[in-house]
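S.K.: If it helps, the file is called coords.txt and holds compact mmCIF, C-alpha atoms:
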# COMPACT_ATOMS: atom_id res chain seq x y z
CA MET V 1 8.92 13.77 173.80
CA LYS V 2 10.62 13.64 170.42
CA ILE V 3 12.62 10.43 170.21
CA VAL V 4 14.97 9.09 167.53
CA ILE V 5 15.56 5.32 167.50
CA MET V 6 18.42 3.78 165.51
CA GLY V 7 17.77 0.18 164.48
CA CYS V 8 14.35 -1.29 163.79
CA GLY V 9 14.98 -4.86 164.91
CA ARG V 10 12.85 -6.72 167.41
CA VAL V 11 13.75 -4.42 170.29
CA GLY V 12 13.90 -1.19 168.27
CA GLY V 13 10.61 -1.94 166.53
CA GLN V 14 8.87 -2.83 169.77
CA LEU V 15 10.21 0.23 171.58
CA ALA V 16 9.10 2.48 168.70
CA THR V 17 5.62 0.95 168.86
CA LEU V 18 5.36 1.37 172.63
CA LEU V 19 6.54 4.98 172.61
CA ASP V 20 4.31 5.82 169.67
CA SER V 21 1.20 4.46 171.38
CA ALA V 22 2.20 6.39 174.50
CA GLY V 23 1.85 9.56 172.44
CA HIS V 24 5.52 10.42 171.74
CA THR V 25 6.87 11.61 168.41
CA VAL V 26 9.06 8.76 167.16
CA THR V 27 11.47 8.53 164.22
CA VAL V 28 13.03 5.12 163.49
CA LEU V 29 16.22 4.82 161.44
CA ASP V 30 17.34 1.61 159.77
CA VAL V 31 19.62 0.82 156.83
CA ASP V 32 17.20 -1.83 155.62
CA ALA V 33 13.65 -0.86 154.63
CA TYR V 34 12.55 -4.47 155.18
CA ALA V 35 13.10 -3.96 158.93
CA PHE V 36 10.17 -1.54 159.01
CA ARG V 37 7.73 -4.47 158.52
CA ARG V 38 7.97 -4.84 162.31
CA LEU V 39 6.10 -1.56 162.78
CA PRO V 40 2.31 -1.96 163.13
CA THR V 41 -0.05 -0.33 160.62
CA THR V 42 -1.21 1.96 163.42
CA PHE V 43 2.33 3.42 163.83
CA SER V 44 2.05 7.17 163.38
CA GLY V 45 5.76 8.01 163.63
CA THR V 46 8.38 8.26 160.86
CA ALA V 47 10.41 5.38 159.44
CA LEU V 48 13.55 6.57 157.67
CA ILE V 49 16.17 4.65 155.71
CA GLY V 50 19.60 5.73 156.87
CA ASN V 51 22.70 4.83 158.83
CA GLY V 52 22.73 6.29 162.33
CA ILE V 53 26.53 6.54 162.41
CA ASP V 54 26.26 9.14 159.66
CA GLU V 55 25.74 12.68 160.96
CA GLU V 56 23.64 13.54 157.90
CA ALA V 57 21.24 10.66 158.57
CA GLN V 58 20.84 11.78 162.16
CA LYS V 59 20.10 15.32 160.97
CA ARG V 60 17.47 14.03 158.55
CA ALA V 61 15.88 12.16 161.43
CA GLY V 62 15.51 15.47 163.24
CA ILE V 63 18.22 14.90 165.83
CA LYS V 64 18.61 18.64 166.43
CA GLU V 65 15.11 18.87 167.90
CA ALA V 66 15.15 15.46 169.58
CA ASP V 67 14.78 15.06 173.33
CA ALA V 68 16.20 11.55 173.30
CA PHE V 69 18.25 9.19 171.11
CA VAL V 70 18.33 5.40 171.45
CA ALA V 71 20.87 3.15 169.62
CA LEU V 72 19.59 -0.41 169.21
CA THR V 73 21.42 -2.03 166.28
CA GLN V 74 23.11 -5.42 166.55
CA GLY V 75 26.57 -3.84 166.51
CA ASP V 76 27.98 -2.60 169.81
CA ASN V 77 30.47 -0.32 168.11
CA ARG V 78 27.85 1.14 165.80
CA ASN V 79 25.65 1.89 168.80
CA ILE V 80 28.57 3.44 170.67
CA MET V 81 29.58 5.65 167.76
CA ALA V 82 26.02 6.79 167.01
CA ALA V 83 25.39 7.52 170.70
CA GLN V 84 28.54 9.65 170.85
CA ILE V 85 27.52 11.62 167.75
CA ALA V 86 24.08 12.30 169.26
CA LYS V 87 25.55 13.26 172.61
CA HIS V 88 28.70 15.18 171.70
CA ILE V 89 27.88 16.66 168.29
CA PHE V 90 24.14 17.31 168.57
CA ASN V 91 23.92 17.63 172.37
CA VAL V 92 20.79 15.49 172.64
CA PRO V 93 19.69 15.71 176.32
CA ARG V 94 19.11 11.97 176.77
CA VAL V 95 21.13 9.30 174.96
CA VAL V 96 20.81 5.59 175.71
CA CYS V 97 22.46 2.72 173.85
CA ARG V 98 22.65 -1.05 173.93
CA ILE V 99 26.08 -2.61 174.39
CA TYR V 100 26.09 -6.42 174.51
CA ASP V 101 29.67 -6.65 175.80
CA PRO V 102 29.45 -6.05 179.59
CA LEU V 103 33.04 -4.76 179.81
CA ARG V 104 32.53 -2.19 177.08
CA GLN V 105 29.21 -1.24 178.67
CA GLU V 106 30.97 -0.59 181.96
CA MET V 107 33.68 1.52 180.33
CA TYR V 108 31.32 3.69 178.31
CA SER V 109 29.02 4.18 181.31
CA LYS V 110 32.04 5.65 183.08
CA LEU V 111 32.59 7.92 180.07
CA GLY V 112 29.07 9.27 180.46
CA ILE V 113 27.25 7.22 177.81
CA GLU V 114 24.13 5.68 179.32
CA ALA V 115 24.43 2.05 178.24
CA ILE V 116 22.43 -1.08 178.91
CA SER V 117 23.93 -4.56 178.56
CA PRO V 118 21.22 -7.15 177.85
CA THR V 119 23.85 -9.86 178.33
CA THR V 120 24.21 -9.15 182.03
CA ILE V 121 20.51 -8.59 182.61
CA VAL V 122 19.27 -11.67 180.75
CA ALA V 123 21.92 -13.96 182.26
CA GLN V 124 20.86 -12.76 185.70
CA ILE V 125 17.18 -13.47 184.98
CA PHE V 126 17.98 -16.98 183.80
CA LYS V 127 20.14 -17.65 186.80
CA GLU V 128 17.35 -16.53 189.14
CA ARG V 129 14.81 -18.71 187.32
CA LEU V 130 17.03 -21.74 187.56
CA VAL V 131 18.61 -21.57 190.99
CA GLY V 132 17.06 -18.55 192.63
CA MET H 1 58.28 0.77 171.00
CA TYR H 2 55.50 -1.71 171.65
CA ILE H 3 52.80 -1.14 169.04
CA ILE H 4 49.46 -2.93 168.79
CA VAL H 5 47.84 -3.11 165.37
CA VAL H 6 44.11 -3.87 165.35
CA GLY H 7 43.05 -5.48 162.08
CA GLY H 8 45.17 -7.92 160.09
CA GLY H 9 43.86 -7.17 156.63
CA ARG H 10 46.02 -5.72 153.87
CA VAL H 11 46.71 -2.43 155.63
CA GLY H 12 47.46 -4.14 158.95
CA TYR H 13 49.71 -6.70 157.29
CA TYR H 14 51.89 -4.25 155.38
CA LEU H 15 51.95 -1.80 158.28
CA THR H 16 53.19 -4.55 160.61
CA LYS H 17 55.89 -5.56 158.15
CA ALA H 18 57.12 -1.99 157.98
CA LEU H 19 57.04 -1.53 161.76
CA LEU H 20 58.91 -4.80 162.35
CA ALA H 21 61.55 -3.75 159.84
CA GLU H 22 62.04 -0.57 161.86
CA GLY H 23 62.75 -2.73 164.89
CA HIS H 24 59.53 -2.24 166.86
CA GLU H 25 57.73 -4.87 168.90
CA VAL H 26 54.42 -5.40 167.15
CA LEU H 27 51.30 -7.43 167.88
CA ILE H 28 48.39 -7.75 165.45
CA VAL H 29 44.92 -8.41 166.80
CA GLU H 30 42.73 -10.08 164.18
CA ARG H 31 39.31 -11.74 164.43
CA ASN H 32 39.58 -13.99 161.41
CA ALA H 33 41.36 -17.30 162.16
CA ALA H 34 42.56 -17.83 158.60
CA TYR H 35 44.18 -14.38 158.47
CA CYS H 36 45.82 -15.05 161.84
CA ASP H 37 47.27 -18.37 160.68
CA ALA H 38 48.67 -16.83 157.51
CA ILE H 39 50.33 -13.99 159.47
CA ILE H 40 51.81 -16.34 162.08
CA GLU H 41 53.13 -18.69 159.40
CA GLU H 42 54.92 -15.86 157.64
CA MET H 43 56.04 -13.55 160.43
CA GLY H 44 56.05 -15.73 163.55
CA SER H 45 53.78 -15.57 166.58
CA ILE H 46 52.95 -11.89 166.41
CA CYS H 47 49.21 -12.29 165.92
CA LEU H 48 46.54 -12.64 168.59
CA ARG H 49 43.17 -13.94 167.51
CA GLY H 50 40.31 -11.91 168.94
CA ASP H 51 38.16 -8.83 168.75
CA GLY H 52 40.42 -5.82 169.23
CA CYS H 53 37.47 -3.72 170.42
CA GLU H 54 36.96 -5.95 173.44
CA THR H 55 38.49 -4.94 176.73
CA ALA H 56 39.35 -8.58 177.50
CA THR H 57 41.26 -9.01 174.24
CA GLN H 58 43.18 -5.79 174.76
CA ALA H 59 44.09 -6.91 178.28
CA GLU H 60 45.39 -10.20 176.86
CA ALA H 61 47.40 -8.27 174.28
CA GLY H 62 49.16 -6.37 177.05
CA THR H 63 47.74 -3.05 175.96
CA GLY H 64 48.63 -1.58 179.33
CA ARG H 65 52.28 -1.42 178.34
CA ALA H 66 51.72 -0.43 174.72
CA ASP H 67 53.19 2.86 173.48
CA MET H 68 50.79 3.08 170.60
CA LEU H 69 47.66 1.42 169.24
CA ILE H 70 46.83 1.66 165.55
CA ALA H 71 43.35 0.56 164.44
CA VAL H 72 43.19 -0.25 160.73
CA THR H 73 40.12 -2.44 160.28
CA GLY H 74 37.76 -1.65 157.43
CA ASP H 75 35.06 -0.27 159.71
CA ASP H 76 35.28 3.24 161.13
CA GLU H 77 33.17 2.43 164.18
CA ASP H 78 35.40 -0.52 165.11
CA ASN H 79 38.51 1.63 164.79
CA LEU H 80 36.93 4.32 166.96
CA VAL H 81 36.03 1.89 169.74
CA ALA H 82 39.39 0.06 169.64
CA CYS H 83 41.17 3.41 170.11
CA GLN H 84 38.81 4.60 172.84
CA VAL H 85 39.17 1.35 174.82
CA ALA H 86 42.97 1.60 174.54
CA LYS H 87 42.92 5.20 175.64
CA HIS H 88 40.41 5.13 178.48
CA LYS H 89 40.89 1.62 179.82
CA PHE H 90 44.64 1.18 179.31
CA ASN H 91 45.94 4.76 179.08
CA VAL H 92 47.76 4.17 175.81
CA PRO H 93 49.55 7.47 175.08
CA ARG H 94 48.96 7.52 171.34
CA THR H 95 46.11 6.10 169.27
CA ILE H 96 45.78 6.21 165.50
CA ALA H 97 42.59 5.33 163.63
CA ARG H 98 42.14 4.61 159.96
CA ILE H 99 38.94 6.12 158.63
CA ARG H 100 37.14 5.47 155.39
CA ASN H 101 34.46 8.13 155.59
CA PRO H 102 36.29 11.49 155.43
CA LYS H 103 33.41 13.07 157.37
CA ASN H 104 34.53 11.15 160.45
CA GLU H 105 37.86 12.97 160.62
CA ILE H 106 36.50 15.86 162.69
CA LEU H 107 34.25 13.62 164.76
CA PHE H 108 37.08 11.26 165.77
CA LYS H 109 39.27 14.20 166.82
CA LYS H 110 36.43 15.49 168.99
CA LEU H 111 36.07 12.06 170.54
CA GLY H 112 39.71 11.98 171.60
CA ILE H 113 41.50 9.98 168.89
CA ASP H 114 45.03 11.42 168.53
CA VAL H 115 45.56 10.88 164.81
CA THR H 116 43.26 9.86 161.99
CA VAL H 117 44.34 8.68 158.57
CA SER H 118 41.68 8.93 155.90
CA SER H 119 42.43 6.42 153.17
CA THR H 120 39.68 7.91 151.01
CA ASN H 121 41.16 11.42 151.21
CA ILE H 122 44.66 10.18 150.41
CA ILE H 123 43.44 8.39 147.29
CA LEU H 124 41.39 11.42 146.25
CA GLU H 125 44.37 13.74 146.61
CA ALA H 126 46.61 11.43 144.62
CA ILE H 127 44.10 11.25 141.79
CA GLU H 128 43.39 14.98 141.87
CA GLU H 129 47.03 15.67 141.14
CA GLU H 130 46.67 13.78 137.90
CA VAL H 131 43.65 15.79 136.81
CA PRO H 132 44.69 18.57 134.39
CA THR H 133 42.51 21.28 135.97
CA HIS H 134 44.24 20.86 139.33
CA PRO H 135 45.99 24.15 140.24
CA LEU H 136 49.34 22.54 141.10
CA THR H 137 50.89 19.47 139.54
CA HIS H 138 54.08 17.71 140.65
CA LEU H 139 56.31 17.09 137.69
CA LEU H 140 59.48 15.84 139.32
CA THR H 141 60.93 15.34 142.77
CA ILE H 142 64.63 15.84 143.41
CA ARG H 143 64.79 13.85 146.64
CA ASP H 144 68.38 14.32 147.78
CA LYS H 145 68.06 18.10 147.42
CA GLY H 146 64.56 18.23 148.90
CA LEU H 147 63.23 20.08 145.88
CA GLU H 148 60.42 19.54 143.47
CA ILE H 149 59.52 20.84 140.07
CA VAL H 150 55.89 21.79 139.80
CA GLU H 151 53.48 23.30 137.35
CA VAL H 152 50.96 25.95 138.36
CA LYS H 153 48.20 27.08 136.05
CA VAL H 154 47.18 30.73 136.20
CA SER H 155 43.40 30.69 135.95
CA PRO H 156 41.58 33.54 134.12
CA GLY H 157 40.07 34.81 137.35
CA SER H 158 43.37 35.10 139.21
CA SER H 159 44.27 38.51 140.63
CA THR H 160 47.84 38.00 139.35
CA VAL H 161 46.82 38.19 135.68
CA GLY H 162 48.40 41.35 134.21
CA ARG H 163 50.97 41.66 136.95
CA ALA H 164 54.73 41.41 136.62
CA VAL H 165 56.69 38.50 138.08
CA LYS H 166 58.66 40.88 140.35
CA GLU H 167 55.39 41.97 142.03
CA LEU H 168 54.54 38.43 143.15
CA ALA H 169 55.07 37.46 146.78
CA LEU H 170 56.98 34.29 145.94
CA PRO H 171 58.30 32.16 148.79
CA PRO H 172 62.11 32.52 149.10
CA GLU H 173 63.12 29.01 148.01
CA SER H 174 60.99 29.09 144.86
CA LEU H 175 62.20 29.95 141.40
CA LEU H 176 60.11 30.35 138.27
CA PHE H 177 62.03 29.18 135.21
CA LEU H 178 59.57 28.60 132.44
CA ILE H 179 56.25 29.91 131.23
CA ILE H 180 54.31 27.98 128.63
CA ARG H 181 51.85 30.23 126.91
CA LYS H 182 49.09 29.34 124.47
CA ASP H 183 50.12 29.75 120.79
CA GLN H 184 53.56 31.09 121.76
CA ARG H 185 57.02 29.72 122.27
CA PRO H 186 57.85 28.84 125.86
CA LEU H 187 59.69 31.69 127.55
CA ALA H 188 62.01 32.06 130.49
CA PRO H 189 60.42 34.63 132.79
CA VAL H 190 62.33 37.77 133.79
CA PRO H 191 61.19 40.09 136.65
CA GLU H 192 59.34 42.27 134.12
CA THR H 193 57.37 39.42 132.50
CA ILE H 194 53.63 40.04 132.78
CA LEU H 195 51.49 37.02 133.70
CA GLN H 196 48.61 36.13 131.41
CA ALA H 197 45.54 34.00 131.94
CA GLU H 198 46.08 30.28 131.21
CA ASP H 199 49.87 30.59 131.64
CA GLN H 200 51.46 27.32 132.72
CA VAL H 201 54.25 28.31 135.07
CA ILE H 202 56.96 25.76 135.76
CA ALA H 203 58.84 26.35 138.99
CA VAL H 204 61.24 24.72 141.37
CA THR H 205 60.26 24.78 145.02
CA GLY H 206 60.54 22.99 148.37
CA PRO H 207 57.67 20.81 149.61
CA GLN H 208 56.87 23.26 152.44
CA SER H 209 56.56 26.25 150.12
CA GLU H 210 54.30 24.52 147.63
CA GLU H 211 51.12 26.02 149.02
CA ALA H 212 52.64 29.53 149.28
CA LEU H 213 53.88 29.31 145.70
CA ARG H 214 50.48 28.27 144.43
CA ALA H 215 48.86 31.11 146.36
CA ALA H 216 51.40 33.68 145.09
CA LEU H 217 50.90 32.69 141.46
CA ARG H 218 47.13 32.55 141.58
CA GLY H 219 46.65 35.49 143.88
CA ASP H 220 44.54 33.70 146.48
Starting from the file, give its structure as structure tokens.
M.R.:
Amino acid sequence: MKIVIMGCGRVGGQLATLLDSAGHTVTVLDVDAYAFRRLPTTFSGTALIGNGIDEEAQKRAGIKEADAFVALTQGDNRNIMAAQIAKHIFNVPRVVCRIYDPLRQEMYSKLGIEAISPTTIVAQIFKERLVG
Amino acid sequence: MYIIVVGGGRVGYYLTKALLAEGHEVLIVERNAAYCDAIIEEMGSICLRGDGCETATQAEAGTGRADMLIAVTGDDEDNLVACQVAKHKFNVPRTIARIRNPKNEILFKKLGIDVTVSSTNIILEAIEEEVPTHPLTHLLTIRDKGLEIVEVKVSPGSSTVGRAVKELALPPESLLFLIIRKDQRPLAPVPETILQAEDQVIAVTGPQSEEALRAALRGD
């Protein structure tokens, strides 16, 4: 698969690494070149400086040929906007984004944006660890 | 009308002042505590501290009964989400988003925002009018009559060069009254006057006919 990842933080960097070693064609976008230090030397994908909420940056990252787009920046709204551009403007078949705010995650899921809220998931894990 | 303004920066502040003066019920949602305090001190308790993009904050603000939500923060993505939450979660009939990147104008419309206001485009247009090569310049506005006096430059490539004034498809409420020509005395055009390249045509027109007048004089 050809996958575009927006945000090369801990999660974005790790996901890019995993997908790359699994043989997928990965392009990572980040506004800060320093973020790319998280990619291993063995990474064979593309690291591009650019803002994923800009249509031009998505085009440069090859969004038109992409099979999937993942938005993993720290900003919920940035992720939401970038995911909507990928889905509604470039018709990427699979779009997934991270939304920390559980209420916003719920609303956008209803609007057809596949969203994951780490807040809910991690809180649940901790709860189970502590009290079962 | 009950209007919610998301973002209490300069735009939000002056917008709220104007809306209050028109007699509307207004609530500002602002994240920054210091901004909130300043607004409350000056205008009374019309400011709610919180993130206007959050569903919980919008619920607290009573967005469900709002007639309009206007998002004027400095970030396009925040304005988009604030409007979408208001629209999809609280069925607000009208949402307006400020945008800074003019490219987002089309995108926001596609994503269901009713009105976008591009501050960048407005500033660009205002400056363009002051640039001498701009095809139409406002010289004077006669407000009570709804008329304006404008100057249109006939560029060398225009299809109207060499044609008589009476042949031009001028909009009905426009009147040409002066032509300033290079190295000649200014002249008052008559129907038989032939337009030349680089003519500066001064005309009186209504704001709606401005575009038609420009097109008629430049032949495009």
S.K.: For Leu140 of chain H, which residue out of H:Ala82, H:Val204, H:Leu170, H:Ile96 is the nearest one, using only C-alpha atoms?
M.R.: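 Between H:Ala82, H:Val204, H:Leu170, H:Ile96, the residue approaching Leu140 of chain H most closely is H:Val204.
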S.K.: Would you kindly report the residues of chain V within 10 Å of chain H, using all atoms listed in the file, as a PyMOL selection string?
M.R.: chain V and resi 53-56+75-82+84-85+88-89+101-104+107-108+110-111
S.K.: Taking all atoms listed in the file into account, name the residue in V:Leu19, V:Gln14, V:Met6, V:Lys59 that is nearest to Arg37 of chain V.
M.R.: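 Between V:Leu19, V:Gln14, V:Met6, V:Lys59, the residue approaching Arg37 of chain V most closely is V:Gln14.
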S.K.: Could you tell me which of H:Gly64, H:Gly52, H:Gly74, H:Gly219 comes closest to Ala169 of chain H if we count all atoms listed in the file?
M.R.: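 Of H:Gly64, H:Gly52, H:Gly74, H:Gly219, the one nearest Ala169 of chain H is H:Gly219, counting all atoms listed in the file.
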S.K.: Please identify all polymer residues lying at most 8 Å from the point (51.3, -3.6, 162.6) (file coordinates), using only C-alpha atoms, and present the result as an MDAnalysis selection string.
M.R.: chainID H and resid 3:6 8 12:20 26:28 70
S.K.: Can you tell me how far atom CA of Gly9 of chain H sits from atom CA of Glu41 of chain H, in Å to one decimal?
M.R.: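 Spanning atom CA of Gly9 of chain H to atom CA of Glu41 of chain H is a straight-line distance of 15.0 Å.
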S.K.: Could you give me, as a compact mmCIF listing (two decimals) with C-alpha atoms, in the coordinates of the input, the residues within 7 Å of segment 112-126 of chain V, counting all atoms listed in the file and dropping anything in the same chain fewer than 5 positions from it?
M.R.:
# COMPACT_ATOMS: atom_id res chain seq x y z
CA VAL V 95 21.13 9.30 174.96
CA VAL V 96 20.81 5.59 175.71
CA CYS V 97 22.46 2.72 173.85
CA ARG V 98 22.65 -1.05 173.93
CA ILE V 99 26.08 -2.61 174.39
CA TYR V 100 26.09 -6.42 174.51
CA ASP V 101 29.67 -6.65 175.80
CA PRO V 102 29.45 -6.05 179.59
CA GLN V 105 29.21 -1.24 178.67
S.K.: Distance atom CA of Pro156 of chain H-atom CA of Gln200 of chain H, one decimal place?
M.R.: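 Between atom CA of Pro156 of chain H and atom CA of Gln200 of chain H the gap works out to 11.8 Å.
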S.K.: Of the candidates V:Ile3, V:Ala86, V:Val28, V:Ala71, which one gets nearest to Gly50 of chain V if we count all atoms listed in the file?
M.R.: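 For Gly50 of chain V, the nearest of the candidates is V:Val28.
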S.K.: What is the atom CA of Ile113 of chain H-atom CA of Glu65 of chain V distance in Å, reported with one decimal?
M.R.: 27.9 Å
S.K.: Can you patch up segment 16-36 of chain V, filling it in to N, CA and C atoms, and show the result as a short mmCIF file (atom, residue, chain, number, x, y, z; two decimals), in the frame of the given file?
M.R.:
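Written output follows (out10.cif):
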data_model
loop_
_atom_site.label_atom_id
_atom_site.label_comp_id
_atom_site.auth_asym_id
_atom_site.auth_seq_id
_atom_site.Cartn_x
_atom_site.Cartn_y
_atom_site.Cartn_z
N ALA V 16 9.73 1.43 169.51
CA ALA V 16 9.10 2.48 168.70
C ALA V 16 7.58 2.40 168.82
N THR V 17 7.06 1.17 168.75
CA THR V 17 5.62 0.95 168.86
C THR V 17 5.08 1.41 170.21
N LEU V 18 5.78 1.01 171.27
CA LEU V 18 5.36 1.37 172.63
C LEU V 18 5.34 2.89 172.83
N LEU V 19 6.43 3.53 172.41
CA LEU V 19 6.54 4.98 172.61
C LEU V 19 5.51 5.73 171.78
N ASP V 20 5.29 5.20 170.56
CA ASP V 20 4.31 5.82 169.67
C ASP V 20 2.91 5.74 170.27
N SER V 21 2.55 4.57 170.80
CA SER V 21 1.20 4.46 171.38
C SER V 21 1.08 5.28 172.67
N ALA V 22 2.24 5.57 173.29
CA ALA V 22 2.20 6.39 174.50
C ALA V 22 2.12 7.89 174.15
N GLY V 23 2.07 8.18 172.85
CA GLY V 23 1.85 9.56 172.44
C GLY V 23 3.11 10.36 172.12
N HIS V 24 4.29 9.70 172.06
CA HIS V 24 5.52 10.42 171.74
C HIS V 24 5.73 10.50 170.23
N THR V 25 6.55 11.47 169.83
CA THR V 25 6.87 11.61 168.41
C THR V 25 8.12 10.79 168.12
N VAL V 26 7.96 9.70 167.36
CA VAL V 26 9.06 8.76 167.16
C VAL V 26 9.55 8.76 165.71
N THR V 27 10.88 8.76 165.54
CA THR V 27 11.47 8.53 164.22
C THR V 27 12.39 7.32 164.34
N VAL V 28 12.18 6.32 163.47
CA VAL V 28 13.03 5.12 163.49
C VAL V 28 13.94 5.14 162.28
N LEU V 29 15.23 4.88 162.52
CA LEU V 29 16.22 4.82 161.44
C LEU V 29 16.66 3.37 161.26
N ASP V 30 16.74 2.92 160.02
CA ASP V 30 17.34 1.61 159.77
C ASP V 30 17.93 1.62 158.37
N VAL V 31 19.00 0.85 158.16
CA VAL V 31 19.62 0.82 156.83
C VAL V 31 18.81 -0.04 155.87
N ASP V 32 17.94 -0.89 156.42
CA ASP V 32 17.20 -1.83 155.62
C ASP V 32 15.69 -1.56 155.73
N ALA V 33 15.08 -1.20 154.61
CA ALA V 33 13.65 -0.86 154.63
C ALA V 33 12.80 -2.05 155.08
N TYR V 34 13.28 -3.26 154.82
CA TYR V 34 12.55 -4.47 155.18
C TYR V 34 12.32 -4.55 156.69
N ALA V 35 13.22 -3.91 157.46
CA ALA V 35 13.10 -3.96 158.93
C ALA V 35 11.83 -3.26 159.40
N PHE V 36 11.33 -2.32 158.59
CA PHE V 36 10.17 -1.54 159.01
C PHE V 36 8.88 -2.35 159.02
#
